[in-house]
>>> print(open('work-v6.txt').read())   # compact mmCIF, C-alpha atoms
# COMPACT_ATOMS: atom_id res chain seq x y z
CA MET U 1 -23.31 -18.43 42.81
CA GLU U 2 -21.69 -19.38 39.52
CA ARG U 3 -19.53 -16.68 38.00
CA THR U 4 -20.19 -15.77 34.35
CA SER U 5 -17.17 -15.50 32.08
CA HIS U 6 -17.00 -12.60 29.63
CA THR U 7 -14.41 -14.30 27.43
CA SER U 8 -15.05 -16.81 24.71
CA ALA U 9 -13.31 -20.15 24.56
CA PRO U 10 -10.52 -20.20 22.01
CA GLY U 11 -11.87 -21.15 18.61
CA SER U 12 -15.56 -20.55 19.46
CA SER U 13 -17.49 -18.20 17.18
CA PHE U 14 -14.26 -17.29 15.42
CA PRO U 15 -15.01 -16.24 11.80
CA ARG U 16 -11.87 -17.78 10.38
CA ARG U 17 -12.75 -17.60 6.67
CA GLN U 18 -14.13 -14.08 6.81
CA LEU U 19 -11.08 -12.95 8.74
CA GLN U 20 -8.73 -14.54 6.21
CA VAL U 21 -10.39 -12.61 3.37
CA LEU U 22 -10.24 -9.39 5.39
CA LEU U 23 -6.57 -9.90 6.24
CA ALA U 24 -5.79 -10.55 2.58
CA CYS U 25 -7.34 -7.16 1.80
CA ARG U 26 -5.32 -5.64 4.63
CA LEU U 27 -2.10 -7.07 3.18
CA VAL U 28 -2.49 -5.29 -0.17
CA GLU U 29 -1.92 -1.77 1.17
CA PRO U 30 1.45 -2.25 2.96
CA LEU U 31 2.69 -4.35 0.05
CA ALA U 32 1.83 -1.65 -2.46
CA ILE U 33 3.00 1.30 -0.39
CA ASN U 34 6.29 -0.19 0.81
CA SER U 35 7.26 -1.74 -2.52
CA VAL U 36 8.19 1.75 -3.76
CA ILE U 37 10.95 2.14 -1.16
CA PRO U 38 13.79 0.48 -3.15
CA TYR U 39 13.19 2.28 -6.44
CA LEU U 40 11.59 5.65 -5.62
CA PHE U 41 14.92 7.48 -5.33
CA GLN U 42 16.07 6.01 -8.65
CA MET U 43 12.75 6.85 -10.26
CA VAL U 44 12.90 10.47 -9.07
CA ARG U 45 16.41 10.82 -10.48
CA HIS U 46 15.39 9.44 -13.88
CA VAL U 47 12.29 11.59 -14.35
CA SER U 48 14.05 14.76 -13.21
CA SER U 49 16.60 17.08 -14.73
CA PRO U 50 20.11 15.61 -15.16
CA ASP U 51 21.37 18.47 -12.97
CA LEU U 52 19.39 17.23 -9.94
CA SER U 53 21.78 16.43 -7.09
CA ASP U 54 21.53 13.39 -4.84
CA GLY U 55 20.71 15.64 -1.90
CA GLU U 56 17.83 17.29 -3.74
CA ALA U 57 16.54 13.90 -4.91
CA THR U 58 16.63 12.64 -1.32
CA ARG U 59 14.65 15.67 -0.16
CA LEU U 60 12.02 15.05 -2.84
CA VAL U 61 11.68 11.39 -1.86
CA THR U 62 11.22 12.41 1.78
CA LEU U 63 8.51 14.89 0.81
CA ILE U 64 6.78 12.25 -1.33
CA PHE U 65 6.55 9.82 1.59
CA SER U 66 5.41 12.63 3.90
CA ALA U 67 2.73 13.68 1.42
CA TYR U 68 1.28 10.16 1.42
CA ALA U 69 1.23 9.99 5.23
CA MET U 70 -0.40 13.41 5.60
CA ALA U 71 -3.02 12.61 2.97
CA GLN U 72 -3.95 9.35 4.68
CA PHE U 73 -4.02 10.99 8.11
CA SER U 74 -6.39 13.70 6.87
CA THR U 75 -9.03 11.27 5.56
CA ASN U 76 -8.99 8.28 7.93
CA ILE U 77 -11.76 9.63 10.14
CA LEU U 78 -13.84 10.61 7.10
CA TRP U 79 -13.64 7.06 5.71
CA GLY U 80 -14.72 5.71 9.09
CA ARG U 81 -17.77 7.95 9.17
CA LEU U 82 -18.64 7.10 5.57
CA SER U 83 -18.48 3.39 6.37
CA ASP U 84 -21.01 3.96 9.17
CA ARG U 85 -23.42 5.40 6.61
CA ILE U 86 -23.03 3.21 3.54
CA GLY U 87 -21.44 0.08 5.02
CA ARG U 88 -17.94 -1.31 5.54
CA ARG U 89 -17.65 -3.40 2.39
CA PRO U 90 -18.14 -0.61 -0.21
CA VAL U 91 -15.53 1.55 1.53
CA LEU U 92 -13.12 -1.39 1.79
CA LEU U 93 -13.48 -2.23 -1.91
CA PHE U 94 -13.10 1.42 -2.87
CA GLY U 95 -9.91 1.57 -0.81
CA LEU U 96 -8.49 -1.46 -2.61
CA ALA U 97 -9.35 0.11 -5.95
CA GLY U 98 -7.70 3.34 -4.81
CA VAL U 99 -4.48 1.53 -3.90
CA PHE U 100 -4.46 -0.24 -7.26
CA VAL U 101 -5.14 2.87 -9.37
CA SER U 102 -2.67 5.07 -7.49
CA THR U 103 0.06 2.42 -7.66
CA VAL U 104 -0.38 2.01 -11.41
CA ALA U 105 -0.40 5.81 -11.75
CA LEU U 106 2.91 5.94 -9.87
CA ALA U 107 4.42 3.31 -12.15
CA PHE U 108 3.58 5.38 -15.23
CA SER U 109 4.48 8.78 -13.72
CA SER U 110 6.86 10.65 -16.01
CA SER U 111 7.61 13.62 -13.75
CA VAL U 112 8.06 14.44 -10.07
CA PRO U 113 4.72 16.32 -9.83
CA LEU U 114 2.92 13.24 -11.15
CA ILE U 115 4.68 11.10 -8.55
CA PHE U 116 3.45 13.49 -5.86
CA VAL U 117 -0.10 13.34 -7.22
CA SER U 118 -0.11 9.54 -7.29
CA ARG U 119 1.16 9.28 -3.70
CA ILE U 120 -1.28 11.87 -2.40
CA ALA U 121 -4.09 10.06 -4.19
CA ALA U 122 -2.99 6.80 -2.55
CA GLY U 123 -3.26 8.40 0.88
CA LEU U 124 -6.58 10.10 0.20
CA LEU U 125 -8.33 7.14 -1.42
CA CYS U 126 -7.45 4.39 1.02
CA GLY U 127 -8.78 4.32 4.57
CA ASN U 128 -8.55 0.56 4.97
CA ILE U 129 -6.27 0.82 7.98
CA VAL U 130 -9.33 2.09 9.87
CA ILE U 131 -11.97 0.01 8.08
CA THR U 132 -10.29 -3.36 8.67
CA ARG U 133 -9.99 -2.72 12.40
CA THR U 134 -13.63 -1.68 12.57
CA MET U 135 -14.74 -4.76 10.63
CA ILE U 136 -12.77 -7.01 12.97
CA GLY U 137 -14.51 -5.40 15.91
CA ASP U 138 -17.88 -5.95 14.23
CA MET U 139 -17.43 -9.58 13.17
CA VAL U 140 -15.37 -11.05 16.02
CA HIS U 141 -16.96 -11.59 19.43
CA GLY U 142 -15.36 -12.43 22.74
CA ARG U 143 -12.31 -10.90 24.37
CA GLU U 144 -9.91 -13.70 23.50
CA ASN U 145 -11.10 -13.95 19.91
CA LYS U 146 -10.80 -10.20 19.45
CA SER U 147 -7.26 -10.29 20.83
CA ARG U 148 -6.32 -13.03 18.36
CA ALA U 149 -7.93 -11.23 15.43
CA PHE U 150 -6.33 -7.86 16.16
CA ALA U 151 -2.96 -9.54 16.68
CA TRP U 152 -3.26 -11.17 13.25
CA ASN U 153 -4.27 -7.84 11.73
CA GLN U 154 -1.09 -6.21 13.01
CA THR U 155 1.01 -9.22 12.03
CA VAL U 156 -0.28 -9.12 8.45
CA TYR U 157 0.51 -5.41 8.25
CA GLN U 158 4.09 -6.04 9.42
CA ILE U 159 4.44 -8.86 6.88
CA GLY U 160 3.45 -6.39 4.18
CA THR U 161 6.01 -3.84 5.34
CA VAL U 162 8.75 -6.50 5.19
CA VAL U 163 7.75 -8.23 1.95
CA GLY U 164 6.84 -5.03 0.07
CA PRO U 165 10.41 -3.72 -0.27
CA PHE U 166 11.57 -7.18 -1.40
CA ILE U 167 8.98 -7.08 -4.20
CA GLY U 168 10.10 -3.58 -5.20
CA GLY U 169 13.76 -4.56 -5.07
CA PHE U 170 13.16 -7.64 -7.20
CA PHE U 171 11.46 -5.66 -9.94
CA VAL U 172 13.83 -2.70 -9.87
CA GLN U 173 17.01 -4.77 -10.22
CA PRO U 174 16.54 -5.51 -13.95
CA PHE U 175 16.08 -1.79 -14.57
CA SER U 176 19.40 -1.02 -12.89
CA ARG U 177 21.25 -3.50 -15.09
CA GLU U 178 19.54 -2.26 -18.25
CA ILE U 179 20.31 1.37 -17.44
CA LYS U 180 23.99 0.66 -16.74
CA ALA U 181 24.33 -1.34 -19.95
CA SER U 182 22.60 1.28 -22.06
CA HIS U 183 24.49 3.99 -23.96
CA SER U 184 21.35 5.95 -24.83
CA PRO U 185 20.79 9.56 -23.81
CA ARG U 186 19.35 10.06 -20.35
CA ARG U 187 15.87 10.94 -21.60
CA ASN U 188 15.65 7.68 -23.52
CA ILE U 189 16.78 5.75 -20.47
CA ALA U 190 14.09 7.43 -18.35
CA THR U 191 11.42 6.62 -20.92
CA SER U 192 12.50 2.97 -21.02
CA TYR U 193 12.54 2.83 -17.22
CA ASP U 194 9.03 4.25 -16.92
CA LYS U 195 7.48 1.93 -19.50
CA ARG U 196 9.09 -1.22 -18.15
CA ALA U 197 8.35 -0.33 -14.52
CA GLY U 198 4.75 0.51 -15.36
CA LEU U 199 4.06 -2.71 -17.22
CA ARG U 200 5.64 -4.93 -14.59
CA HIS U 201 3.95 -3.25 -11.65
CA LEU U 202 0.64 -3.34 -13.49
CA ALA U 203 0.97 -7.12 -13.73
CA VAL U 204 1.99 -7.45 -10.08
CA TYR U 205 -0.93 -5.51 -8.70
CA HIS U 206 -3.43 -7.18 -11.01
CA ALA U 207 -2.30 -10.41 -9.35
CA LEU U 208 -2.65 -8.87 -5.89
CA GLN U 209 -6.20 -7.75 -6.61
CA VAL U 210 -7.15 -11.25 -7.80
CA PHE U 211 -5.61 -12.66 -4.61
>>> encode(input="work-v6.txt", output="structure tokens")
Amino acid sequence: MERTSHTSAPGSSFPRRQLQVLLACRLVEPLAINSVIPYLFQMVRHVSSPDLSDGEATRLVTLIFSAYAMAQFSTNILWGRLSDRIGRRPVLLFGLAGVFVSTVALAFSSSVPLIFVSRIAAGLLCGNIVITRTMIGDMVHGRENKSRAFAWNQTVYQIGTVVGPFIGGFFVQPFSREIKASHSPRRNIATSYDKRAGLRHLAVYHALQVF
């Protein structure tokens, strides 16, 4: 008796184009979240009191990253349940919009509390880490195809975690030179930093959304 295989031949029924679009959406989140790593400490120092020590600034940065992680952890299951009710695509698009809005809000934050709010909002509004995996499971059939798709999903996420800090470092470097060259009072430097950072990051993430 002929034995039936439960695996699909490589390349059969593999939704390549749909998966490429989904992976592009998946890439946006790690890029946006990890791009803040190079400049967040500097940003906290410049929007805070001049008396803030490096140790206190480091503690605040740690709490900011923890706040994002806790916010995302607390809503992932809720986003999954909501996608079961209203569909995957609306939740995915809302998550992308949430990443964009919260990132722009961070760029224009003029105080530490506003930085906290923007990072917490980023965690609460984006459940795409769950939605993309669910959508892959829905659209890809066959054991081998699923393995390929989930491997690409994780690869794209890791690419975002590597490339994100490079993007942040590239855009923060001009600010460092301008601040060192400036002889203005600290408040004026902070204001200049916020405006320039906000405008440049706004342009970057507009481009990411179009992509």
>>> atom_distance(input="work-v6.txt", atom1="CA of Ser111 (chain U)", atom2="CA of Ser53 (chain U)")
15.9 Å
>>> residues_around(input="work-v6.txt", residues="Leu93 (chain U)", least_positions_apart="5", cutoff="10 Å", atoms="all atoms listed in the file", output="mmCIF file with C-alpha atoms, keeping the file's coordinate frame")
data_model
loop_
_atom_site.group_PDB
_atom_site.id
_atom_site.type_symbol
_atom_site.label_atom_id
_atom_site.label_comp_id
_atom_site.auth_asym_id
_atom_site.auth_seq_id
_atom_site.Cartn_x
_atom_site.Cartn_y
_atom_site.Cartn_z
ATOM 1 C CA CYS U 25 -7.340 -7.160 1.800
ATOM 2 C CA ARG U 88 -17.940 -1.310 5.540
ATOM 3 C CA GLY U 98 -7.700 3.340 -4.810
ATOM 4 C CA VAL U 99 -4.480 1.530 -3.900
ATOM 5 C CA CYS U 126 -7.450 4.390 1.020
ATOM 6 C CA ASN U 128 -8.550 0.560 4.970
#
>>> closest_residue(input="work-v6.txt", among="U:Val112, U:Leu31, U:Ile167, U:Ala97", to="Ala57 (chain U)", atoms="only C-alpha atoms")
U:Val112
>>> closest_residue(input="work-v6.txt", among="U:Val162, U:Ile77, U:Val117, U:Ala105", to="Phe65 (chain U)", atoms="only C-alpha atoms")
U:Val117
>>> atom_distance(input="work-v6.txt", atom1="CA of Phe108 (chain U)", atom2="CA of Pro38 (chain U)")
16.6 Å
>>> closest_residue(input="work-v6.txt", among="U:Ala24, U:Leu96, U:Ile120, U:Val101", to="Leu63 (chain U)", atoms="all atoms listed in the file")
U:Ile120
>>> atom_distance(input="work-v6.txt", atom1="CA of Gly80 (chain U)", atom2="CA of Gly95 (chain U)")
11.8 Å
>>> closest_residue(input="work-v6.txt", among="U:Gln158, U:Thr62, U:Ser74, U:Ser109", to="Val47 (chain U)", atoms="only C-alpha atoms")
U:Ser109
>>> closest_residue(input="work-v6.txt", among="U:Gln42, U:Trp152, U:Ala71, U:Arg143", to="Thr58 (chain U)", atoms="all atoms listed in the file")
U:Gln42
>>> closest_residue(input="work-v6.txt", among="U:Gly55, U:Gly127, U:Gly164, U:Pro15", to="Pro90 (chain U)", atoms="all atoms listed in the file")
U:Gly127
>>> decode(input="work-v6.txt", residues="region 52-70 of chain U", atoms="N, CA and C atoms", output="compact mmCIF listing (two decimals), in the first residue's frame")
# COMPACT_ATOMS: atom_id res chain seq x y z
N LEU U 52 21.46 65.48 36.51
CA LEU U 52 21.25 64.03 36.41
C LEU U 52 22.59 63.33 36.18
N SER U 53 22.89 62.34 37.01
CA SER U 53 24.15 61.60 36.88
C SER U 53 24.03 60.53 35.80
N ASP U 54 25.19 60.04 35.36
CA ASP U 54 25.20 58.97 34.36
C ASP U 54 24.53 57.71 34.89
N GLY U 55 24.74 57.42 36.17
CA GLY U 55 24.12 56.24 36.77
C GLY U 55 22.61 56.34 36.78
N GLU U 56 22.09 57.52 37.11
CA GLU U 56 20.64 57.71 37.13
C GLU U 56 20.08 57.66 35.72
N ALA U 57 20.80 58.22 34.76
CA ALA U 57 20.35 58.16 33.36
C ALA U 57 20.31 56.72 32.86
N THR U 58 21.32 55.93 33.24
CA THR U 58 21.34 54.52 32.86
C THR U 58 20.16 53.78 33.45
N ARG U 59 19.83 54.07 34.70
CA ARG U 59 18.68 53.42 35.34
C ARG U 59 17.38 53.78 34.62
N LEU U 60 17.23 55.03 34.21
CA LEU U 60 16.03 55.45 33.49
C LEU U 60 15.92 54.75 32.14
N VAL U 61 17.04 54.63 31.43
CA VAL U 61 17.03 53.95 30.13
C VAL U 61 16.63 52.49 30.30
N THR U 62 17.14 51.84 31.34
CA THR U 62 16.77 50.45 31.62
C THR U 62 15.28 50.32 31.89
N LEU U 63 14.74 51.24 32.67
CA LEU U 63 13.31 51.21 32.97
C LEU U 63 12.47 51.47 31.72
N ILE U 64 12.96 52.33 30.84
CA ILE U 64 12.23 52.63 29.60
C ILE U 64 12.12 51.38 28.73
N PHE U 65 13.23 50.66 28.57
CA PHE U 65 13.20 49.42 27.78
C PHE U 65 12.32 48.37 28.45
N SER U 66 12.38 48.28 29.78
CA SER U 66 11.55 47.32 30.50
C SER U 66 10.08 47.66 30.38
N ALA U 67 9.75 48.95 30.38
CA ALA U 67 8.36 49.37 30.25
C ALA U 67 7.79 48.95 28.91
N TYR U 68 8.59 49.07 27.85
CA TYR U 68 8.13 48.64 26.52
C TYR U 68 7.86 47.13 26.51
N ALA U 69 8.81 46.35 27.05
CA ALA U 69 8.67 44.90 27.04
C ALA U 69 7.46 44.45 27.84
N MET U 70 7.24 45.04 29.01
CA MET U 70 6.10 44.67 29.84
C MET U 70 4.78 45.05 29.16
